[in-house]
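Dropping entry09.json in here (JSON, C-alpha atoms and all ligand atoms):
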```json
[["chain", "number", "residue", "atom", "x", "y", "z"],
["A", 1, "MET", "CA", 159.59, 164.80, 227.80],
["A", 2, "GLY", "CA", 159.69, 166.54, 231.13],
["A", 3, "THR", "CA", 157.15, 164.99, 233.48],
["A", 4, "PHE", "CA", 156.06, 166.65, 236.71],
["A", 5, "VAL", "CA", 153.68, 165.13, 239.25],
["A", 6, "ILE", "CA", 152.02, 167.34, 241.84],
["A", 7, "ASP", "CA", 149.63, 166.15, 244.55],
["A", 8, "THR", "CA", 147.02, 168.70, 245.54],
["A", 9, "PRO", "CA", 144.87, 168.50, 248.66],
["A", 10, "SER", "CA", 141.85, 170.49, 247.38],
["A", 11, "PRO", "CA", 140.10, 171.91, 244.29],
["A", 12, "GLU", "CA", 141.51, 175.33, 245.20],
["A", 13, "ALA", "CA", 145.03, 173.87, 245.15],
["A", 14, "THR", "CA", 144.34, 172.22, 241.78],
["A", 15, "GLU", "CA", 143.25, 175.60, 240.46],
["A", 16, "ARG", "CA", 146.45, 177.19, 241.74],
["A", 17, "VAL", "CA", 148.58, 174.63, 239.88],
["A", 18, "GLY", "CA", 146.73, 175.65, 236.69],
["A", 19, "ARG", "CA", 147.47, 179.27, 237.45],
["A", 20, "ALA", "CA", 151.17, 178.54, 238.03],
["A", 21, "LEU", "CA", 151.39, 176.63, 234.74],
["A", 22, "ALA", "CA", 149.63, 179.41, 232.82],
["A", 23, "MET", "CA", 152.30, 181.89, 233.85],
["A", 24, "GLU", "CA", 154.82, 179.87, 231.81],
["A", 25, "LEU", "CA", 152.63, 179.49, 228.72],
["A", 26, "GLN", "CA", 152.76, 181.55, 225.58],
["A", 27, "PRO", "CA", 150.07, 182.42, 223.03],
["A", 28, "GLY", "CA", 149.77, 179.52, 220.58],
["A", 29, "ASP", "CA", 150.35, 176.88, 223.25],
["A", 30, "CYS", "CA", 147.93, 173.99, 223.54],
["A", 31, "VAL", "CA", 147.08, 172.23, 226.82],
["A", 32, "LEU", "CA", 145.42, 168.82, 226.51],
["A", 33, "LEU", "CA", 143.54, 167.79, 229.65],
["A", 34, "HIS", "CA", 142.96, 164.14, 230.47],
["A", 35, "GLY", "CA", 140.81, 162.86, 233.29],
["A", 36, "ASP", "CA", 137.39, 161.36, 233.92],
["A", 37, "LEU", "CA", 134.21, 163.33, 234.58],
["A", 38, "GLY", "CA", 134.59, 165.11, 237.90],
["A", 39, "ALA", "CA", 138.39, 164.80, 237.92],
["A", 40, "GLY", "CA", 138.74, 168.57, 238.08],
["A", 41, "LYS", "CA", 139.61, 169.54, 234.52],
["A", 42, "THR", "CA", 137.38, 172.63, 234.53],
["A", 43, "CYS", "CA", 138.83, 173.60, 237.90],
["A", 44, "PHE", "CA", 142.33, 173.41, 236.39],
["A", 45, "VAL", "CA", 141.17, 175.50, 233.41],
["A", 46, "ARG", "CA", 139.83, 178.12, 235.81],
["A", 47, "GLY", "CA", 143.40, 178.37, 237.13],
["A", 48, "LEU", "CA", 144.80, 178.67, 233.60],
["A", 49, "ALA", "CA", 142.34, 181.51, 233.00],
["A", 50, "ALA", "CA", 143.45, 183.32, 236.14],
["A", 51, "GLY", "CA", 147.11, 182.97, 235.15],
["A", 52, "LEU", "CA", 146.45, 184.39, 231.68],
["A", 53, "GLY", "CA", 144.63, 187.41, 233.08],
["A", 54, "CYS", "CA", 141.12, 186.27, 232.14],
["A", 55, "ASP", "CA", 138.07, 186.63, 234.39],
["A", 56, "ALA", "CA", 138.30, 183.15, 235.94],
["A", 57, "THR", "CA", 134.94, 183.48, 237.71],
["A", 58, "THR", "CA", 133.17, 183.16, 234.34],
["A", 59, "VAL", "CA", 134.86, 179.84, 233.42],
["A", 60, "HIS", "CA", 132.40, 176.97, 233.28],
["A", 61, "SER", "CA", 132.35, 173.51, 231.77],
["A", 62, "PRO", "CA", 131.95, 173.99, 228.00],
["A", 63, "THR", "CA", 129.95, 170.77, 227.62],
["A", 64, "PHE", "CA", 127.03, 172.24, 225.68],
["A", 65, "THR", "CA", 128.99, 174.76, 223.66],
["A", 66, "VAL", "CA", 132.09, 172.92, 222.27],
["A", 67, "MET", "CA", 134.07, 176.14, 222.76],
["A", 68, "SER", "CA", 134.19, 179.09, 225.17],
["A", 69, "ARG", "CA", 136.49, 182.06, 224.64],
["A", 70, "TYR", "CA", 137.81, 184.18, 227.51],
["A", 71, "PRO", "CA", 139.71, 187.38, 226.70],
["A", 72, "GLY", "CA", 142.81, 187.80, 228.87],
["A", 73, "SER", "CA", 145.46, 190.45, 229.44],
["A", 74, "LEU", "CA", 148.37, 188.05, 228.68],
["A", 75, "ALA", "CA", 146.61, 185.79, 226.15],
["A", 76, "ASN", "CA", 143.08, 184.77, 225.30],
["A", 77, "LEU", "CA", 141.96, 181.38, 226.53],
["A", 78, "VAL", "CA", 139.86, 179.09, 224.37],
["A", 79, "HIS", "CA", 138.35, 176.23, 226.34],
["A", 80, "VAL", "CA", 137.21, 173.31, 224.21],
["A", 81, "ASP", "CA", 135.15, 170.26, 225.07],
["A", 82, "ALA", "CA", 135.80, 167.73, 222.31],
["A", 83, "TYR", "CA", 133.60, 165.02, 223.85],
["A", 84, "ARG", "CA", 130.94, 165.21, 221.13],
["A", 85, "VAL", "CA", 133.22, 166.35, 218.31],
["A", 86, "GLY", "CA", 133.73, 163.86, 215.48],
["A", 87, "SER", "CA", 136.44, 165.47, 213.35],
["A", 88, "ALA", "CA", 138.97, 168.29, 213.08],
["A", 89, "GLU", "CA", 136.72, 169.85, 210.44],
["A", 90, "GLU", "CA", 133.83, 169.96, 212.90],
["A", 91, "LEU", "CA", 136.08, 171.81, 215.34],
["A", 92, "ARG", "CA", 137.06, 174.38, 212.71],
["A", 93, "ASP", "CA", 133.37, 174.88, 211.91],
["A", 94, "ALA", "CA", 132.80, 175.61, 215.60],
["A", 95, "GLY", "CA", 135.46, 178.34, 215.38],
["A", 96, "VAL", "CA", 138.37, 176.53, 217.07],
["A", 97, "GLU", "CA", 141.76, 177.46, 215.57],
["A", 98, "PRO", "CA", 144.52, 175.32, 217.11],
["A", 99, "GLY", "CA", 147.76, 177.32, 217.24],
["A", 100, "ALA", "CA", 146.07, 180.74, 216.86],
["A", 101, "PRO", "CA", 148.83, 183.23, 217.74],
["A", 102, "ASP", "CA", 146.92, 185.22, 220.40],
["A", 103, "THR", "CA", 145.37, 182.25, 222.16],
["A", 104, "VAL", "CA", 146.13, 179.45, 224.59],
["A", 105, "LEU", "CA", 143.97, 176.43, 223.85],
["A", 106, "ALA", "CA", 142.79, 174.19, 226.71],
["A", 107, "VAL", "CA", 141.09, 171.00, 225.53],
["A", 108, "GLU", "CA", 138.99, 168.52, 227.47],
["A", 109, "TRP", "CA", 138.57, 165.06, 225.88],
["A", 110, "PRO", "CA", 141.31, 165.72, 223.27],
["A", 111, "GLU", "CA", 141.55, 161.95, 222.54],
["A", 112, "ARG", "CA", 138.22, 162.20, 220.68],
["A", 113, "VAL", "CA", 139.97, 164.05, 217.80],
["A", 114, "PRO", "CA", 143.67, 163.29, 218.28],
["A", 115, "GLU", "CA", 144.58, 164.61, 214.81],
["A", 116, "ALA", "CA", 143.24, 168.11, 215.56],
["A", 117, "TRP", "CA", 145.93, 169.43, 217.91],
["A", 118, "PRO", "CA", 149.29, 171.08, 217.16],
["A", 119, "ALA", "CA", 152.50, 169.09, 217.68],
["A", 120, "GLY", "CA", 154.19, 169.23, 221.07],
["A", 121, "PRO", "CA", 151.21, 170.00, 223.28],
["A", 122, "ILE", "CA", 151.35, 170.23, 227.06],
["A", 123, "GLU", "CA", 149.58, 167.18, 228.46],
["A", 124, "VAL", "CA", 147.85, 167.32, 231.85],
["A", 125, "ARG", "CA", 146.39, 164.22, 233.44],
["A", 126, "ILE", "CA", 144.28, 164.65, 236.58],
["A", 127, "THR", "CA", 143.58, 161.58, 238.72],
["A", 128, "PRO", "CA", 141.32, 161.65, 241.80],
["A", 129, "VAL", "CA", 142.97, 160.40, 245.00],
["A", 130, "ASP", "CA", 139.88, 160.98, 247.16],
["A", 131, "THR", "CA", 136.91, 163.37, 247.03],
["A", 132, "SER", "CA", 139.05, 166.51, 247.00],
["A", 133, "ALA", "CA", 142.71, 165.44, 246.60],
["A", 134, "ARG", "CA", 144.14, 164.99, 243.12],
["A", 135, "SER", "CA", 147.33, 163.77, 241.50],
["A", 136, "ILE", "CA", 148.24, 166.02, 238.58],
["A", 137, "GLU", "CA", 150.75, 164.85, 235.99],
["A", 138, "ILE", "CA", 152.07, 167.49, 233.60],
["A", 139, "ARG", "CA", 154.08, 166.39, 230.55],
["A", 140, "VAL", "CA", 155.97, 168.95, 228.51],
["A", 141, "ALA", "CA", 158.31, 168.41, 225.54],
["A", 142, "GLN", "CA", 161.94, 168.76, 226.61],
["A", 143, "GLY", "CA", 163.28, 172.29, 226.20],
["A", 144, "THR", "CA", 163.01, 175.71, 227.70],
["A", 145, "LEU", "CA", 159.30, 175.39, 228.48],
["A", 146, "SER", "CA", 160.02, 172.17, 230.33],
["A", 147, "GLU", "CA", 162.74, 173.87, 232.35],
["A", 148, "ARG", "CA", 160.50, 176.84, 233.15],
["A", 149, "VAL", "CA", 157.55, 174.66, 234.12],
["A", 150, "GLY", "CA", 159.82, 172.52, 236.28],
["A", 151, "ALA", "CA", 161.21, 175.58, 238.01],
["A", 152, "THR", "CA", 157.71, 177.01, 238.53],
["A", 153, "LEU", "CA", 156.09, 173.84, 239.84],
["A", 154, "CYS", "CA", 158.92, 172.86, 242.18],
["A", 155, "ALA", "CA", 158.75, 174.02, 245.74],
["A", 156, "LYS", "CA", 160.61, 177.29, 246.12],
["A", 157, "PRO", "CA", 161.87, 179.16, 249.17],
["A", 158, "CYS", "CA", 159.43, 181.65, 250.68],
["A", 159, "PRO", "CA", 160.73, 185.15, 249.78],
["A", 160, "SER", "CA", 160.44, 186.17, 253.43],
["A", 161, "CYS", "CA", 161.68, 183.20, 255.49],
["A", 162, "ARG", "CA", 163.12, 180.71, 252.90],
["A", 163, "VAL", "CA", 160.90, 177.77, 253.97],
["A", 164, "ALA", "CA", 160.01, 175.61, 250.91],
["A", 165, "VAL", "CA", 156.60, 176.45, 249.40],
["A", 166, "GLY", "CA", 154.74, 174.55, 246.64],
["A", 167, "PRO", "CA", 152.79, 176.43, 243.96],
["A", 168, "PHE", "CA", 149.51, 175.03, 245.29],
["A", 169, "ASP", "CA", 149.99, 176.42, 248.79],
["A", 170, "THR", "CA", 147.40, 179.03, 249.70],
["A", 171, "ASP", "CA", 149.84, 181.89, 250.14],
["A", 172, "TRP", "CA", 152.23, 180.95, 247.33],
["A", 173, "PRO", "CA", 154.88, 182.17, 246.75],
["A", 174, "PHE", "CA", 154.85, 182.86, 250.49],
["A", 175, "CYS", "CA", 154.58, 180.18, 253.18],
["A", 176, "SER", "CA", 151.99, 182.00, 255.28],
["A", 177, "PRO", "CA", 149.84, 185.16, 255.53],
["A", 178, "ARG", "CA", 152.38, 186.39, 258.04],
["A", 179, "CYS", "CA", 155.25, 186.24, 255.53],
["A", 180, "ARG", "CA", 153.05, 187.78, 252.82],
["A", 181, "ALA", "CA", 152.25, 190.68, 255.15],
["A", 182, "ALA", "CA", 155.90, 191.05, 256.12],
["A", 183, "ASP", "CA", 156.90, 191.29, 252.47],
["A", 184, "LEU", "CA", 154.12, 193.79, 251.75],
["A", 185, "GLY", "CA", 155.30, 195.81, 254.71],
["A", 186, "ARG", "CA", 158.81, 196.01, 253.25],
["A", 187, "TRP", "CA", 157.35, 197.09, 249.92],
["A", 188, "PHE", "CA", 155.28, 199.86, 251.38],
["A", 189, "SER", "CA", 157.86, 201.11, 253.83],
["A", 190, "GLY", "CA", 160.05, 202.48, 251.03],
["A", 191, "GLN", "CA", 157.28, 203.69, 248.75],
["A", 192, "TYR", "CA", 154.51, 205.23, 250.78],
["A", 193, "GLN", "CA", 154.33, 207.44, 253.81],
["A", 194, "ILE", "CA", 151.36, 208.73, 255.71],
["A", 195, "THR", "CA", 152.19, 212.37, 256.35],
["A", 196, "ARG", "CA", 149.24, 213.28, 258.53],
["A", 197, "PRO", "CA", 146.72, 211.40, 260.67],
["A", 198, "ILE", "CA", 143.94, 209.69, 258.68],
["A", 199, "GLU", "CA", 140.66, 211.57, 259.12],
["A", 200, "SER", "CA", 137.16, 210.23, 258.76],
["A", 201, "ARG", "CA", 136.58, 212.14, 255.50],
["A", 202, "ASP", "CA", 139.55, 210.33, 253.92],
["A", 203, "LEU", "CA", 137.76, 207.04, 254.52],
["A", 204, "GLU", "CA", 134.38, 208.35, 253.28],
["A", 205, "GLU", "CA", 135.81, 209.40, 249.90],
["A", 206, "GLY", "CA", 136.51, 205.81, 248.98],
["A", 207, "THR", "CA", 133.05, 204.51, 249.78],
["A", 208, "GLU", "CA", 130.94, 206.65, 247.43],
["A", 301, "ZN", "ZN", 157.76, 182.41, 255.03]]
```
Whole structure, structure tokens version:
Amino acid sequence: MGTFVIDTPSPEATERVGRALAMELQPGDCVLLHGDLGAGKTCFVRGLAAGLGCDATTVHSPTFTVMSRYPGSLANLVHVDAYRVGSAEELRDAGVEPGAPDTVLAVEWPERVPEAWPAGPIEVRITPVDTSARSIEIRVAQGTLSERVGATLCAKPCPSCRVAVGPFDTDWPFCSPRCRAADLGRWFSGQYQITRPIESRDLEEGTE
């Protein structure tokens, strides 16, 4: 097992850890989310959705639906709430297919039907520290995924100034808006040139 613990200062940061994790996932993976009501599991799933290329703004707690499906550009996300589910058969009847090859499964209350999930899941445990700060423990079976997740979730040097940046920092992978802008500036300087002054009609075209 590779175990990673990340402390986040805010719900937004918790969401960004989910997004960073999602970038290392592959279709067929299963993420089991542990944590009490209000711990931030749905917030974390919103991050997973963003990382998989789903419309994260539509992610909501699946409490009354058992399952919500979000189509994504990298993989589909199926978000399951197993709180009221009694058996693996009941899950299948609701349309949940653990291990489906085009889908990442994210499960709240997985301990209600422990026999239903594929072997070797990614386990995420979210523990409140105070009203907005959380401690997030991510457990991954040893192997390449563990190495990739470790590399992703560790602080990395800002591409512009090399200061260490955690994946939950607002401007990740940059340390600040200033470094993000500096990097963008380098990008554009080689690729785009303005060959004449911008006129008012140029700006109007984009607003219609
Ligand atoms: Zn920087």
Give the residue list for ligand ZN 301 (chain A) at 7 Å, counting all atoms listed in the file, as a tab-separated table (two decimals) with C-alpha atoms, keeping the file's coordinate frame, sorted by chain and then by residue number.
```tsv
chain	number	residue	atom	x	y	z
A	158	CYS	CA	159.43	181.65	250.68
A	159	PRO	CA	160.73	185.15	249.78
A	160	SER	CA	160.44	186.17	253.43
A	161	CYS	CA	161.68	183.20	255.49
A	162	ARG	CA	163.12	180.71	252.90
A	163	VAL	CA	160.90	177.77	253.97
A	174	PHE	CA	154.85	182.86	250.49
A	175	CYS	CA	154.58	180.18	253.18
A	176	SER	CA	151.99	182.00	255.28
A	179	CYS	CA	155.25	186.24	255.53
```
Subject >> Point-to-point distance in Å for CA of Ala133 in chain A and CA of Thr14 in chain A >> reply: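 Those two atoms sit 8.5 Å apart.
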Subject >> Pairwise distance for CA of Val59 in chain A and CA of Leu33 in chain A, rounded to one decimal in Å >> reply: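 Interatomic distance, CA of Val59 in chain A to CA of Leu33 in chain A: 15.3 Å.
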**OP:** List the neighbours of range 69-75 of chain A out to 10 Å using only C-alpha atoms; skip same-chain residues closer than 5 positions along the sequence, and give me the result as a ChimeraX atom specification.
**Re:** /A:22-23,25-28,49-56,58-59,62,80,96,101-105
Subject >> Which of A:Gly35, A:Pro173, A:Gly40, A:Gly166 sits closest to Pro110 in chain A [using all atoms listed in the file] >> reply: A:Gly35
**OP:** Between CA of Val113 in chain A and CA of Thr3 in chain A, measure the distance and give it in Å to one decimal.
**Re:** 23.3 Å
**OP:** Skip Val129 in chain A itself and residues of its chain fewer than 2 positions away, then list as a list in words all residues within 10 Å of it, counting only C-alpha atoms.
**Re:**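 In the requested form, the answer reads Asp7, Thr8, Pro9, Ala39, Ile126, Thr127, Thr131, Ser132, Ala133, Arg134 and Ser135 of chain A.
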Subject >> Top pick for closest residue to Asp169 in chain A, considering A:Pro11, A:Pro128, A:Pro121, A:Gly86 and counting only C-alpha atoms >> reply: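 Closest candidate: A:Pro11.
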Original post:
From the set A:Gly120, A:Ala141, A:Leu48, A:Thr42, which residue has the shortest atom-to-atom contact distance to Asn76 in chain A, counting all atoms listed in the file?
Top reply: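 Residue with the minimum atom-to-atom distance to Asn76 in chain A: A:Leu48.
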Original post:
So which one's closest to Trp117 in chain A, A:Met1, A:Leu32, A:Leu21, A:Leu184? Using all atoms listed in the file, please.
Top reply: A:Leu32
Original post:
When distances are computed from only C-alpha atoms, which of A:Glu24, A:Arg186, A:Val17, A:Trp109 shows the smallest separation from Val149 in chain A?
Top reply: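 Ranking A:Glu24, A:Arg186, A:Val17, A:Trp109 by distance to Val149 in chain A, first place goes to A:Glu24.
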Original post:
Between A:Leu77, A:Met67, A:Ala13, A:Val45, which is the closest to Val124 in chain A once you count only C-alpha atoms?
Top reply: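 With only C-alpha atoms as the atom set, the closest residue is A:Val45.
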Original post:
Which residues, protein or nucleic acid, reach to within 10 Å of (143.0, 165.7, 214.0) in the file's coordinates when using all atoms listed in the file, and can you give that as JSON, numbers by chain?
Top reply: {"A": [86, 87, 88, 89, 91, 110, 111, 112, 113, 114, 115, 116, 117, 118]}
Restrict the selected residues to C-alpha atoms and save them as a compact mmCIF listing (two decimals), in the frame of the given file.
```txt
# COMPACT_ATOMS: atom_id res chain seq x y z
CA GLY A 86 133.73 163.86 215.48
CA SER A 87 136.44 165.47 213.35
CA ALA A 88 138.97 168.29 213.08
CA GLU A 89 136.72 169.85 210.44
CA LEU A 91 136.08 171.81 215.34
CA PRO A 110 141.31 165.72 223.27
CA GLU A 111 141.55 161.95 222.54
CA ARG A 112 138.22 162.20 220.68
CA VAL A 113 139.97 164.05 217.80
CA PRO A 114 143.67 163.29 218.28
CA GLU A 115 144.58 164.61 214.81
CA ALA A 116 143.24 168.11 215.56
CA TRP A 117 145.93 169.43 217.91
CA PRO A 118 149.29 171.08 217.16
```
Could the centre and edge lengths of an axis-aligned box, enclosing all atoms of range 63-81 of chain A in the file with 4 Å extra on each side, be given in Å to one decimal as AutoDock Vina command-line options?
```
--center_x 137.7 --center_y 180.4 --center_z 225.9 --size_x 29.3 --size_y 28.2 --size_z 15.2
```
